[in-house]
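Shown next: final_35.csv, containing CSV, C-alpha atoms and all ligand atoms.
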```csv
chain,number,residue,atom,x,y,z
H,240,MET,CA,96.8,87.7,78.1
H,241,THR,CA,93.6,86.9,76.2
H,242,PRO,CA,91.0,89.6,75.7
H,243,LYS,CA,88.7,87.6,78.0
H,244,GLU,CA,91.2,87.8,80.8
H,245,ARG,CA,91.2,91.6,80.6
H,246,ILE,CA,87.5,91.8,81.6
H,247,PHE,CA,86.5,92.4,85.2
H,248,VAL,CA,82.7,92.2,85.8
H,249,ALA,CA,81.4,94.8,88.3
H,250,ILE,CA,78.9,93.1,90.5
H,251,ASP,CA,76.9,95.9,92.1
H,252,THR,CA,74.1,94.6,94.2
H,253,PRO,CA,73.5,94.4,98.0
H,254,ASP,CA,72.2,90.9,97.6
H,255,ILE,CA,74.8,88.2,98.5
H,256,ASN,CA,72.8,85.4,96.8
H,257,LYS,CA,72.6,87.3,93.6
H,258,ALA,CA,76.3,88.2,93.8
H,259,THR,CA,77.3,84.6,94.4
H,260,GLU,CA,75.1,83.4,91.6
H,261,LEU,CA,76.5,85.9,89.1
H,262,ALA,CA,80.1,85.3,90.1
H,263,LYS,CA,79.6,81.5,89.7
H,264,ALA,CA,77.8,81.8,86.4
H,265,LEU,CA,80.5,84.2,85.0
H,266,SER,CA,83.5,82.2,86.3
H,267,GLY,CA,85.7,81.2,83.3
H,268,GLU,CA,83.7,83.7,81.1
H,269,VAL,CA,85.8,86.7,82.2
H,270,GLY,CA,89.1,87.5,83.8
H,271,GLY,CA,87.8,88.5,87.3
H,272,ILE,CA,85.2,90.1,89.5
H,273,LYS,CA,85.0,93.6,90.8
H,274,ILE,CA,83.1,94.4,93.9
H,275,GLY,CA,82.4,97.9,95.2
H,276,LYS,CA,80.7,99.9,97.9
H,277,GLU,CA,77.2,98.5,97.3
H,278,LEU,CA,78.0,94.8,98.1
H,279,PHE,CA,80.8,95.5,100.6
H,280,THR,CA,78.7,97.9,102.7
H,281,ALA,CA,75.8,95.5,102.7
H,282,GLN,CA,77.7,92.3,103.3
H,283,GLY,CA,81.2,92.9,104.6
H,284,PRO,CA,84.6,91.4,103.6
H,285,ASN,CA,84.0,87.7,104.5
H,286,ALA,CA,80.9,87.5,102.4
H,287,VAL,CA,82.6,89.3,99.5
H,288,ARG,CA,85.4,86.8,99.3
H,289,GLY,CA,83.0,83.9,99.7
H,290,ALA,CA,80.8,85.1,96.9
H,291,VAL,CA,83.7,85.6,94.5
H,292,GLY,CA,85.2,82.2,95.2
H,293,GLY,CA,88.7,81.8,93.7
H,294,GLU,CA,88.3,84.3,90.9
H,295,PRO,CA,90.7,87.3,90.7
H,296,LEU,CA,89.1,90.1,92.8
H,297,PHE,CA,89.2,93.8,92.3
H,298,VAL,CA,88.2,95.5,95.6
H,299,ASP,CA,87.0,98.8,94.3
H,300,LEU,CA,86.4,100.8,97.5
H,301,LYS,CA,88.2,104.0,96.3
H,302,PHE,CA,89.6,105.0,99.6
H,303,HIS,CA,89.9,108.8,100.1
H,304,ASP,CA,91.0,110.0,103.6
H,305,ILE,CA,94.0,111.1,105.5
H,306,PRO,CA,97.1,108.9,104.9
H,307,ASN,CA,97.0,107.0,108.2
H,308,THR,CA,93.3,106.1,107.7
H,309,VAL,CA,93.8,105.0,104.1
H,310,ALA,CA,96.9,102.9,105.0
H,311,GLY,CA,94.8,101.2,107.6
H,312,ALA,CA,91.9,100.6,105.2
H,313,ILE,CA,94.3,99.1,102.6
H,314,ARG,CA,95.8,96.8,105.3
H,315,SER,CA,92.3,95.6,106.2
H,316,SER,CA,91.2,95.1,102.6
H,317,LEU,CA,94.2,92.7,102.0
H,318,HIS,CA,92.3,90.1,104.1
H,319,MET,CA,90.0,89.7,101.1
H,320,ARG,CA,93.1,88.6,99.0
H,321,PRO,CA,92.5,91.1,96.3
H,322,PHE,CA,94.2,91.2,92.9
H,323,MET,CA,93.6,95.0,92.7
H,324,VAL,CA,92.7,97.7,95.2
H,325,ASN,CA,92.3,101.4,94.8
H,326,VAL,CA,92.3,104.9,96.3
H,327,HIS,CA,91.4,108.3,94.9
H,328,ALA,CA,94.4,110.1,93.4
H,329,SER,CA,92.9,113.4,94.6
H,330,GLY,CA,93.7,112.3,98.1
H,331,GLY,CA,97.3,113.5,97.3
H,332,LYS,CA,100.8,112.2,97.2
H,333,ALA,CA,101.3,111.4,100.9
H,334,MET,CA,98.0,109.4,100.9
H,335,MET,CA,99.0,107.4,97.8
H,336,GLN,CA,102.5,106.7,99.2
H,337,ALA,CA,100.9,105.5,102.4
H,338,ALA,CA,98.5,103.2,100.5
H,339,ALA,CA,101.3,101.7,98.3
H,340,GLU,CA,103.5,101.1,101.4
H,341,ALA,CA,100.7,99.5,103.4
H,342,ALA,CA,100.0,97.1,100.5
H,343,ARG,CA,103.6,96.2,100.2
H,344,GLU,CA,104.2,95.6,103.9
H,345,THR,CA,100.9,93.9,104.7
H,346,SER,CA,101.1,91.5,101.8
H,347,GLU,CA,104.6,90.5,102.9
H,348,ASP,CA,103.4,90.0,106.5
H,349,LEU,CA,100.5,87.9,105.3
H,350,GLY,CA,102.6,85.9,102.8
H,351,LEU,CA,100.3,87.0,99.9
H,352,PRO,CA,101.1,88.3,96.5
H,353,ARG,CA,101.1,92.1,96.6
H,354,PRO,CA,98.0,93.5,94.9
H,355,ILE,CA,98.1,96.0,92.1
H,356,VAL,CA,97.4,99.4,93.8
H,357,LEU,CA,95.5,101.8,91.6
H,358,ALA,CA,94.4,105.4,91.9
H,359,VAL,CA,91.1,106.7,90.5
H,360,THR,CA,91.7,109.9,88.4
H,361,VAL,CA,88.4,111.5,87.2
H,362,LEU,CA,85.3,109.4,87.5
H,363,THR,CA,84.0,108.2,84.1
H,364,SER,CA,80.6,109.6,85.0
H,365,MET,CA,82.0,113.1,84.9
H,366,ASP,CA,82.6,115.4,81.9
H,367,ASP,CA,84.4,118.8,81.7
H,368,ASN,CA,81.3,120.6,83.1
H,369,ASP,CA,81.1,118.4,86.1
H,370,LEU,CA,84.8,118.9,86.8
H,371,SER,CA,84.4,122.7,86.8
H,372,ASP,CA,81.3,122.4,89.1
H,373,VAL,CA,83.6,120.9,91.8
H,374,GLY,CA,86.4,123.4,91.1
H,375,GLN,CA,88.8,121.1,89.4
H,376,LYS,CA,90.8,122.3,86.5
H,377,GLY,CA,89.7,120.7,83.2
H,378,PRO,CA,89.5,119.5,80.6
H,379,ALA,CA,89.1,116.0,82.0
H,380,ALA,CA,91.9,114.6,80.0
H,381,GLU,CA,94.4,117.1,81.4
H,382,GLN,CA,93.2,116.5,85.0
H,383,VAL,CA,93.5,112.7,84.4
H,384,GLU,CA,97.1,113.1,83.1
H,385,ARG,CA,98.0,115.4,86.1
H,386,LEU,CA,96.6,112.9,88.6
H,387,ALA,CA,98.1,109.9,86.8
H,388,LEU,CA,101.6,111.4,86.9
H,389,LEU,CA,101.2,112.2,90.6
H,390,ALA,CA,100.1,108.6,91.2
H,391,LYS,CA,103.0,107.2,89.3
H,392,GLY,CA,105.4,109.5,91.3
H,393,SER,CA,103.8,108.3,94.5
H,394,GLY,CA,104.6,104.6,93.9
H,395,ILE,CA,101.1,103.6,92.6
H,396,ASP,CA,101.0,100.8,90.0
H,397,GLY,CA,98.4,102.3,87.7
H,398,VAL,CA,95.2,104.3,87.4
H,399,VAL,CA,91.4,104.0,86.8
H,400,CYS,CA,90.7,106.3,83.9
H,401,SER,CA,88.3,106.4,81.0
H,402,SER,CA,89.2,104.9,77.6
H,403,LYS,CA,89.3,108.5,76.2
H,404,GLU,CA,92.6,109.0,78.1
H,405,ILE,CA,94.4,105.7,77.3
H,406,LYS,CA,96.6,106.9,74.5
H,407,LEU,CA,97.6,110.0,76.4
H,408,LEU,CA,98.5,108.1,79.5
H,409,ARG,CA,100.4,105.4,77.7
H,410,LYS,CA,102.6,108.1,76.3
H,411,ALA,CA,102.9,110.0,79.6
H,412,CYS,CA,103.2,107.0,82.0
H,413,GLY,CA,104.9,104.3,80.0
H,414,PRO,CA,104.0,100.7,79.0
H,415,ASP,CA,104.1,99.1,82.4
H,416,PHE,CA,101.7,101.6,84.2
H,417,LYS,CA,98.4,99.8,84.5
H,418,LEU,CA,95.3,101.4,82.9
H,419,VAL,CA,92.0,100.0,84.2
H,420,VAL,CA,89.0,101.3,82.4
H,421,PRO,CA,85.3,101.5,83.4
H,422,GLY,CA,82.7,103.3,81.3
H,423,ILE,CA,82.8,100.5,78.8
H,424,ARG,CA,79.7,100.3,76.6
H,425,PRO,CA,79.1,97.9,73.7
H,426,THR,CA,77.1,99.5,70.9
H,427,TRP,CA,74.1,97.6,72.1
H,428,ALA,CA,74.1,98.8,75.7
H,429,ASN,CA,72.8,102.0,77.3
H,430,ALA,CA,75.3,104.6,78.6
H,431,GLY,CA,73.3,105.2,81.8
H,432,ASP,CA,75.1,107.5,84.1
H,433,GLN,CA,78.5,107.1,82.3
H,434,LYS,CA,79.7,110.0,80.3
H,435,ARG,CA,83.2,109.2,79.1
H,436,ILE,CA,82.5,105.9,77.3
H,437,MET,CA,84.0,103.6,74.6
H,438,THR,CA,83.2,100.2,73.2
H,439,PRO,CA,85.2,97.2,74.6
H,440,ARG,CA,87.0,96.7,71.3
H,441,ASP,CA,88.0,100.3,70.9
H,442,ALA,CA,89.3,100.4,74.5
H,443,ILE,CA,91.4,97.3,74.1
H,444,GLU,CA,92.7,98.6,70.8
H,445,ALA,CA,93.6,101.9,72.5
H,446,GLY,CA,95.7,99.9,75.0
H,447,ALA,CA,93.7,99.3,78.1
H,448,ASP,CA,95.1,96.6,80.5
H,449,TYR,CA,91.7,95.8,82.1
H,450,LEU,CA,88.1,96.7,81.3
H,451,VAL,CA,85.5,97.0,84.0
H,452,ILE,CA,82.1,96.1,82.7
H,453,GLY,CA,79.0,96.1,84.9
H,454,ARG,CA,75.4,96.6,83.8
H,455,PRO,CA,75.9,95.6,80.1
H,456,ILE,CA,76.6,92.1,81.5
H,457,THR,CA,74.9,92.0,85.0
H,458,GLY,CA,71.8,93.9,83.8
H,459,ALA,CA,71.3,91.7,80.7
H,460,GLU,CA,68.5,89.1,80.7
H,461,ASP,CA,71.3,86.4,80.2
H,462,PRO,CA,74.5,87.7,81.7
H,463,VAL,CA,76.6,84.8,80.5
H,464,ALA,CA,75.4,85.4,76.9
H,465,ALA,CA,76.2,89.1,77.2
H,466,ALA,CA,79.7,88.3,78.5
H,467,ARG,CA,80.2,85.9,75.6
H,468,ARG,CA,79.0,88.4,73.1
H,469,ILE,CA,81.5,91.0,74.4
H,470,VAL,CA,84.3,88.4,74.2
H,471,GLU,CA,83.3,87.5,70.7
H,472,GLU,CA,83.4,91.2,69.7
H,473,LEU,CA,86.9,91.5,71.2
H,474,ASN,CA,88.2,88.5,69.3
H,501,LIG,O1,85.6,106.2,87.2
H,501,LIG,C1,85.0,105.2,87.6
H,501,LIG,C2,85.5,104.4,88.6
H,501,LIG,C3,84.8,103.2,89.0
H,501,LIG,N1,83.7,102.9,88.3
H,501,LIG,C4,83.0,101.6,88.7
H,501,LIG,O2,82.9,100.7,87.6
H,501,LIG,C5,81.7,100.1,87.5
H,501,LIG,C6,81.1,100.4,86.2
H,501,LIG,O3,79.8,99.8,86.1
H,501,LIG,P1,78.9,99.9,84.8
H,501,LIG,O4,77.6,99.3,85.3
H,501,LIG,O5,79.5,99.2,83.7
H,501,LIG,O6,78.7,101.4,84.5
H,501,LIG,C7,80.9,100.5,88.7
H,501,LIG,O7,81.0,99.5,89.7
H,501,LIG,C8,81.5,101.8,89.1
H,501,LIG,O8,81.5,102.0,90.5
H,501,LIG,C9,83.2,103.7,87.3
H,501,LIG,O9,82.2,103.4,86.6
H,501,LIG,N2,83.9,104.8,86.9
```

Could you write out this file's structure as structure tokens?
Amino acid sequence: MTPKERIFVAIDTPDINKATELAKALSGEVGGIKIGKELFTAQGPNAVRGAVGGEPLFVDLKFHDIPNTVAGAIRSSLHMRPFMVNVHASGGKAMMQAAAEAARETSEDLGLPRPIVLAVTVLTSMDDNDLSDVGQKGPAAEQVERLALLAKGSGIDGVVCSSKEIKLLRKACGPDFKLVVPGIRPTWANAGDQKRIMTPRDAIEAGADYLVIGRPITGAEDPVAAARRIVEELN
């Protein structure tokens, strides 16, 4: 896989025209498009698939509910023909097993390739202090490793983590376990609300499978130029 193919651009906007325009402009410049709660809640599944066109789609809705409800949500999300979907690892083993099973069964029923099912560990906007505020045992890297091992044991294909944990998780979870990494910031971009960050190049060198990059590209005056600058830095 080329470095470019490892980049998923996060298109976070409620505006379908803006989303469609960005997806079209960035087609061929990156590996795929990630949509999340902002666009999905405003526009719904049909609009999302329409906006993204034929590009590989990461449906980042981070389901977190009882197993039956999450299984149903995964089933429904497969109609968007995603390449990747996700749940929160903190929803527990039974919930993750239900999600993995729903993805397997539904893709078979629909005659579609099975999407990669990921579990979100600790949000990249949280540091050790934020974790302790919500009563989770830190440091963040330890909680990420704990949740990643639970996810792997529940039949999940990989995790969403920060680049700070890539080396640790490669060792703990093996070479085939997918590591999808947001909180990516080139040296020329603002961190914003992200706390556990790394540059695209350092994250790839550490062993990330996919990088999720939003505002450094979509918030740039020229998003295509920003995407190309990142790809050049990766090459
Ligand atoms: O831990 C997580 C999980 C998901 N995200 C999502 O990734 C993008 C990052 O966007 P930036 O603009 O590059 O910060 C965004 O859609 C988040 O919802 C994350 O950041 N951290």

Each residue of chain H lying at most 10 Å from ligand LIG 501 (chain H) should get a row with its shortest atom-to-atom pair and the distance in Å to one decimal, counting only C-alpha atoms and all ligand atoms; could you produce that, ordered by chain and increasing number, as JSON lines?
```
{"residue": "H:Phe247", "atom": "CA", "partner": "H:LIG501", "partner_atom": "O2", "distance": 9.4}
{"residue": "H:Val248", "atom": "CA", "partner": "H:LIG501", "partner_atom": "O5", "distance": 8.0}
{"residue": "H:Ala249", "atom": "CA", "partner": "H:LIG501", "partner_atom": "O7", "distance": 4.9}
{"residue": "H:Ile250", "atom": "CA", "partner": "H:LIG501", "partner_atom": "O7", "distance": 6.8}
{"residue": "H:Asp251", "atom": "CA", "partner": "H:LIG501", "partner_atom": "O7", "distance": 6.0}
{"residue": "H:Thr252", "atom": "CA", "partner": "H:LIG501", "partner_atom": "O7", "distance": 9.6}
{"residue": "H:Lys273", "atom": "CA", "partner": "H:LIG501", "partner_atom": "O7", "distance": 7.2}
{"residue": "H:Ile274", "atom": "CA", "partner": "H:LIG501", "partner_atom": "O7", "distance": 6.9}
{"residue": "H:Gly275", "atom": "CA", "partner": "H:LIG501", "partner_atom": "O7", "distance": 5.9}
{"residue": "H:Lys276", "atom": "CA", "partner": "H:LIG501", "partner_atom": "O8", "distance": 7.7}
{"residue": "H:Glu277", "atom": "CA", "partner": "H:LIG501", "partner_atom": "O7", "distance": 8.6}
{"residue": "H:Asp299", "atom": "CA", "partner": "H:LIG501", "partner_atom": "C3", "distance": 7.2}
{"residue": "H:Leu300", "atom": "CA", "partner": "H:LIG501", "partner_atom": "O8", "distance": 8.6}
{"residue": "H:Lys301", "atom": "CA", "partner": "H:LIG501", "partner_atom": "C3", "distance": 8.1}
{"residue": "H:Asn325", "atom": "CA", "partner": "H:LIG501", "partner_atom": "C3", "distance": 9.7}
{"residue": "H:His327", "atom": "CA", "partner": "H:LIG501", "partner_atom": "C2", "distance": 9.5}
{"residue": "H:Ala358", "atom": "CA", "partner": "H:LIG501", "partner_atom": "C2", "distance": 9.5}
{"residue": "H:Val359", "atom": "CA", "partner": "H:LIG501", "partner_atom": "C2", "distance": 6.3}
{"residue": "H:Thr360", "atom": "CA", "partner": "H:LIG501", "partner_atom": "O1", "distance": 7.2}
{"residue": "H:Val361", "atom": "CA", "partner": "H:LIG501", "partner_atom": "O1", "distance": 6.0}
{"residue": "H:Leu362", "atom": "CA", "partner": "H:LIG501", "partner_atom": "O1", "distance": 3.2}
{"residue": "H:Thr363", "atom": "CA", "partner": "H:LIG501", "partner_atom": "O1", "distance": 4.0}
{"residue": "H:Ser364", "atom": "CA", "partner": "H:LIG501", "partner_atom": "N2", "distance": 6.1}
{"residue": "H:Met365", "atom": "CA", "partner": "H:LIG501", "partner_atom": "O1", "distance": 8.1}
{"residue": "H:Val398", "atom": "CA", "partner": "H:LIG501", "partner_atom": "C2", "distance": 9.8}
{"residue": "H:Val399", "atom": "CA", "partner": "H:LIG501", "partner_atom": "C2", "distance": 6.2}
{"residue": "H:Cys400", "atom": "CA", "partner": "H:LIG501", "partner_atom": "O1", "distance": 6.1}
{"residue": "H:Ser401", "atom": "CA", "partner": "H:LIG501", "partner_atom": "O1", "distance": 6.8}
{"residue": "H:Val419", "atom": "CA", "partner": "H:LIG501", "partner_atom": "C2", "distance": 9.0}
{"residue": "H:Val420", "atom": "CA", "partner": "H:LIG501", "partner_atom": "C1", "distance": 7.6}
{"residue": "H:Pro421", "atom": "CA", "partner": "H:LIG501", "partner_atom": "O9", "distance": 4.8}
{"residue": "H:Gly422", "atom": "CA", "partner": "H:LIG501", "partner_atom": "O9", "distance": 5.3}
{"residue": "H:Ile423", "atom": "CA", "partner": "H:LIG501", "partner_atom": "O5", "distance": 6.0}
{"residue": "H:Arg424", "atom": "CA", "partner": "H:LIG501", "partner_atom": "O5", "distance": 7.2}
{"residue": "H:Ala428", "atom": "CA", "partner": "H:LIG501", "partner_atom": "O5", "distance": 9.7}
{"residue": "H:Asn429", "atom": "CA", "partner": "H:LIG501", "partner_atom": "O6", "distance": 9.3}
{"residue": "H:Ala430", "atom": "CA", "partner": "H:LIG501", "partner_atom": "O6", "distance": 7.5}
{"residue": "H:Gly431", "atom": "CA", "partner": "H:LIG501", "partner_atom": "O6", "distance": 7.1}
{"residue": "H:Asp432", "atom": "CA", "partner": "H:LIG501", "partner_atom": "O6", "distance": 7.1}
{"residue": "H:Gln433", "atom": "CA", "partner": "H:LIG501", "partner_atom": "O6", "distance": 6.1}
{"residue": "H:Lys434", "atom": "CA", "partner": "H:LIG501", "partner_atom": "N2", "distance": 9.4}
{"residue": "H:Arg435", "atom": "CA", "partner": "H:LIG501", "partner_atom": "O1", "distance": 9.0}
{"residue": "H:Ile436", "atom": "CA", "partner": "H:LIG501", "partner_atom": "O6", "distance": 9.3}
{"residue": "H:Leu450", "atom": "CA", "partner": "H:LIG501", "partner_atom": "O2", "distance": 9.1}
{"residue": "H:Val451", "atom": "CA", "partner": "H:LIG501", "partner_atom": "O2", "distance": 5.8}
{"residue": "H:Ile452", "atom": "CA", "partner": "H:LIG501", "partner_atom": "O5", "distance": 4.2}
{"residue": "H:Gly453", "atom": "CA", "partner": "H:LIG501", "partner_atom": "O5", "distance": 3.4}
{"residue": "H:Arg454", "atom": "CA", "partner": "H:LIG501", "partner_atom": "O4", "distance": 3.8}
{"residue": "H:Pro455", "atom": "CA", "partner": "H:LIG501", "partner_atom": "O5", "distance": 6.2}
{"residue": "H:Ile456", "atom": "CA", "partner": "H:LIG501", "partner_atom": "O5", "distance": 8.0}
{"residue": "H:Thr457", "atom": "CA", "partner": "H:LIG501", "partner_atom": "O4", "distance": 7.8}
{"residue": "H:Gly458", "atom": "CA", "partner": "H:LIG501", "partner_atom": "O4", "distance": 8.1}
```

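With all atoms listed in the file as the basis for measurement, H:Met319 is the residue among H:Met319, H:Ala290, H:Leu473, H:Leu389 that approaches H:Ser346 most closely.
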
Note to self: Need the shell around H:Gly413: protein/DNA/RNA residues with any atom at most 12 Å away, counting only C-alpha atoms. Skip same-chain ones fewer than 6 positions apart. Format as a PyMOL selection string?
What the structure shows: chain H and resi 387-388+391+396-397+405-407+446

Would you save the residues from that selection as a PDB file, in the frame of the given file, using C-alpha atoms?
```pdb
ATOM      1  CA  ALA H 387      98.100 109.900  86.800  1.00  0.00           C
ATOM      2  CA  LEU H 388     101.600 111.400  86.900  1.00  0.00           C
ATOM      3  CA  LYS H 391     103.000 107.200  89.300  1.00  0.00           C
ATOM      4  CA  ASP H 396     101.000 100.800  90.000  1.00  0.00           C
ATOM      5  CA  GLY H 397      98.400 102.300  87.700  1.00  0.00           C
ATOM      6  CA  ILE H 405      94.400 105.700  77.300  1.00  0.00           C
ATOM      7  CA  LYS H 406      96.600 106.900  74.500  1.00  0.00           C
ATOM      8  CA  LEU H 407      97.600 110.000  76.400  1.00  0.00           C
ATOM      9  CA  GLY H 446      95.700  99.900  75.000  1.00  0.00           C
TER      10      GLY H 446
END
```

Margin query: Just the number, please: distance in Å from atom CA of H:Lys243 to atom CA of H:Leu278, one decimal.
Written below: 23.9 Å

Next item on the list: Provide the atom CA of H:Arg343 to atom CA of H:Glu244 distance in Å, to one decimal place.
Entry: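 Taking atom CA of H:Arg343 as the start and atom CA of H:Glu244 as the end point, the length is 24.5 Å.
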
Check: If you count all atoms listed in the file, which residues fall within 9 Å of stretch 310-317 of chain H, apart from same-chain ones fewer than 6 positions away, as a ChimeraX atom specification?
Finding: /H:284,298,302,324-326,334-342,344-346,349,351,353-354

So that I have them on file, write out the residues from the current selection with C-alpha atoms, as a PDB file, in the coordinates of the input.
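Final file, part_10.pdb:
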```pdb
ATOM      1  CA  PRO H 284      84.600  91.400 103.600  1.00  0.00           C
ATOM      2  CA  VAL H 298      88.200  95.500  95.600  1.00  0.00           C
ATOM      3  CA  PHE H 302      89.600 105.000  99.600  1.00  0.00           C
ATOM      4  CA  VAL H 324      92.700  97.700  95.200  1.00  0.00           C
ATOM      5  CA  ASN H 325      92.300 101.400  94.800  1.00  0.00           C
ATOM      6  CA  VAL H 326      92.300 104.900  96.300  1.00  0.00           C
ATOM      7  CA  MET H 334      98.000 109.400 100.900  1.00  0.00           C
ATOM      8  CA  MET H 335      99.000 107.400  97.800  1.00  0.00           C
ATOM      9  CA  GLN H 336     102.500 106.700  99.200  1.00  0.00           C
ATOM     10  CA  ALA H 337     100.900 105.500 102.400  1.00  0.00           C
ATOM     11  CA  ALA H 338      98.500 103.200 100.500  1.00  0.00           C
ATOM     12  CA  ALA H 339     101.300 101.700  98.300  1.00  0.00           C
ATOM     13  CA  GLU H 340     103.500 101.100 101.400  1.00  0.00           C
ATOM     14  CA  ALA H 341     100.700  99.500 103.400  1.00  0.00           C
ATOM     15  CA  ALA H 342     100.000  97.100 100.500  1.00  0.00           C
ATOM     16  CA  GLU H 344     104.200  95.600 103.900  1.00  0.00           C
ATOM     17  CA  THR H 345     100.900  93.900 104.700  1.00  0.00           C
ATOM     18  CA  SER H 346     101.100  91.500 101.800  1.00  0.00           C
ATOM     19  CA  LEU H 349     100.500  87.900 105.300  1.00  0.00           C
ATOM     20  CA  LEU H 351     100.300  87.000  99.900  1.00  0.00           C
ATOM     21  CA  ARG H 353     101.100  92.100  96.600  1.00  0.00           C
ATOM     22  CA  PRO H 354      98.000  93.500  94.900  1.00  0.00           C
TER      23      PRO H 354
END
```

Item checked: Between atom CA of H:Arg245 and atom CA of H:Ala465 - distance in Å to one decimal ->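 Atom CA of H:Ala465 sits 15.6 Å away from atom CA of H:Arg245.
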
Margin query: When you count all atoms listed in the file, which of these residues is closest to H:Pro242: H:Gly331, H:Gly394, H:Gly270, H:Pro414?
Written below: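 Looking at the shortest contact to H:Pro242, the residue is H:Gly270.
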
Reconstructed N, CA and C atoms for stretch 259-278 of chain H, given as a PDB file, keeping the file's coordinate frame:
```
ATOM      1  N   THR H 259      76.659  85.955  94.466  1.00  0.00           N
ATOM      2  CA  THR H 259      77.300  84.600  94.400  1.00  0.00           C
ATOM      3  C   THR H 259      76.884  83.924  93.093  1.00  0.00           C
ATOM      4  N   GLU H 260      75.601  84.025  92.773  1.00  0.00           N
ATOM      5  CA  GLU H 260      75.100  83.400  91.600  1.00  0.00           C
ATOM      6  C   GLU H 260      75.742  83.964  90.303  1.00  0.00           C
ATOM      7  N   LEU H 261      75.858  85.303  90.258  1.00  0.00           N
ATOM      8  CA  LEU H 261      76.500  85.900  89.100  1.00  0.00           C
ATOM      9  C   LEU H 261      77.957  85.549  88.976  1.00  0.00           C
ATOM     10  N   ALA H 262      78.661  85.584  90.123  1.00  0.00           N
ATOM     11  CA  ALA H 262      80.100  85.300  90.100  1.00  0.00           C
ATOM     12  C   ALA H 262      80.318  83.829  89.633  1.00  0.00           C
ATOM     13  N   LYS H 263      79.465  82.938  90.100  1.00  0.00           N
ATOM     14  CA  LYS H 263      79.600  81.500  89.700  1.00  0.00           C
ATOM     15  C   LYS H 263      79.308  81.337  88.239  1.00  0.00           C
ATOM     16  N   ALA H 264      78.227  81.968  87.774  1.00  0.00           N
ATOM     17  CA  ALA H 264      77.800  81.800  86.400  1.00  0.00           C
ATOM     18  C   ALA H 264      78.918  82.397  85.437  1.00  0.00           C
ATOM     19  N   LEU H 265      79.579  83.479  85.884  1.00  0.00           N
ATOM     20  CA  LEU H 265      80.500  84.200  85.000  1.00  0.00           C
ATOM     21  C   LEU H 265      81.958  83.668  85.156  1.00  0.00           C
ATOM     22  N   SER H 266      82.151  82.743  86.107  1.00  0.00           N
ATOM     23  CA  SER H 266      83.500  82.200  86.300  1.00  0.00           C
ATOM     24  C   SER H 266      83.953  81.492  85.028  1.00  0.00           C
ATOM     25  N   GLY H 267      85.145  81.832  84.562  1.00  0.00           N
ATOM     26  CA  GLY H 267      85.700  81.200  83.300  1.00  0.00           C
ATOM     27  C   GLY H 267      85.234  82.014  82.074  1.00  0.00           C
ATOM     28  N   GLU H 268      84.208  82.869  82.210  1.00  0.00           N
ATOM     29  CA  GLU H 268      83.700  83.700  81.100  1.00  0.00           C
ATOM     30  C   GLU H 268      84.492  84.978  80.953  1.00  0.00           C
ATOM     31  N   VAL H 269      85.057  85.419  82.097  1.00  0.00           N
ATOM     32  CA  VAL H 269      85.800  86.700  82.200  1.00  0.00           C
ATOM     33  C   VAL H 269      87.020  86.527  83.003  1.00  0.00           C
ATOM     34  N   GLY H 270      87.819  87.610  83.119  1.00  0.00           N
ATOM     35  CA  GLY H 270      89.100  87.500  83.800  1.00  0.00           C
ATOM     36  C   GLY H 270      88.971  87.614  85.348  1.00  0.00           C
ATOM     37  N   GLY H 271      87.938  88.289  85.822  1.00  0.00           N
ATOM     38  CA  GLY H 271      87.800  88.500  87.300  1.00  0.00           C
ATOM     39  C   GLY H 271      86.535  89.221  87.621  1.00  0.00           C
ATOM     40  N   ILE H 272      86.378  89.427  88.943  1.00  0.00           N
ATOM     41  CA  ILE H 272      85.200  90.100  89.500  1.00  0.00           C
ATOM     42  C   ILE H 272      85.573  91.334  90.198  1.00  0.00           C
ATOM     43  N   LYS H 273      84.785  92.398  89.989  1.00  0.00           N
ATOM     44  CA  LYS H 273      85.000  93.600  90.800  1.00  0.00           C
ATOM     45  C   LYS H 273      83.834  93.800  91.727  1.00  0.00           C
ATOM     46  N   ILE H 274      84.153  94.005  92.987  1.00  0.00           N
ATOM     47  CA  ILE H 274      83.100  94.400  93.900  1.00  0.00           C
ATOM     48  C   ILE H 274      83.357  95.777  94.412  1.00  0.00           C
ATOM     49  N   GLY H 275      82.272  96.465  94.766  1.00  0.00           N
ATOM     50  CA  GLY H 275      82.400  97.900  95.200  1.00  0.00           C
ATOM     51  C   GLY H 275      81.638  98.136  96.441  1.00  0.00           C
ATOM     52  N   LYS H 276      81.327  99.419  96.615  1.00  0.00           N
ATOM     53  CA  LYS H 276      80.700  99.900  97.900  1.00  0.00           C
ATOM     54  C   LYS H 276      79.374  99.247  98.161  1.00  0.00           C
ATOM     55  N   GLU H 277      78.604  98.948  97.109  1.00  0.00           N
ATOM     56  CA  GLU H 277      77.200  98.500  97.300  1.00  0.00           C
ATOM     57  C   GLU H 277      77.251  97.089  98.029  1.00  0.00           C
ATOM     58  N   LEU H 278      77.972  96.150  97.476  1.00  0.00           N
ATOM     59  CA  LEU H 278      78.000  94.800  98.100  1.00  0.00           C
ATOM     60  C   LEU H 278      78.809  94.805  99.372  1.00  0.00           C
TER      61      LEU H 278
END
```
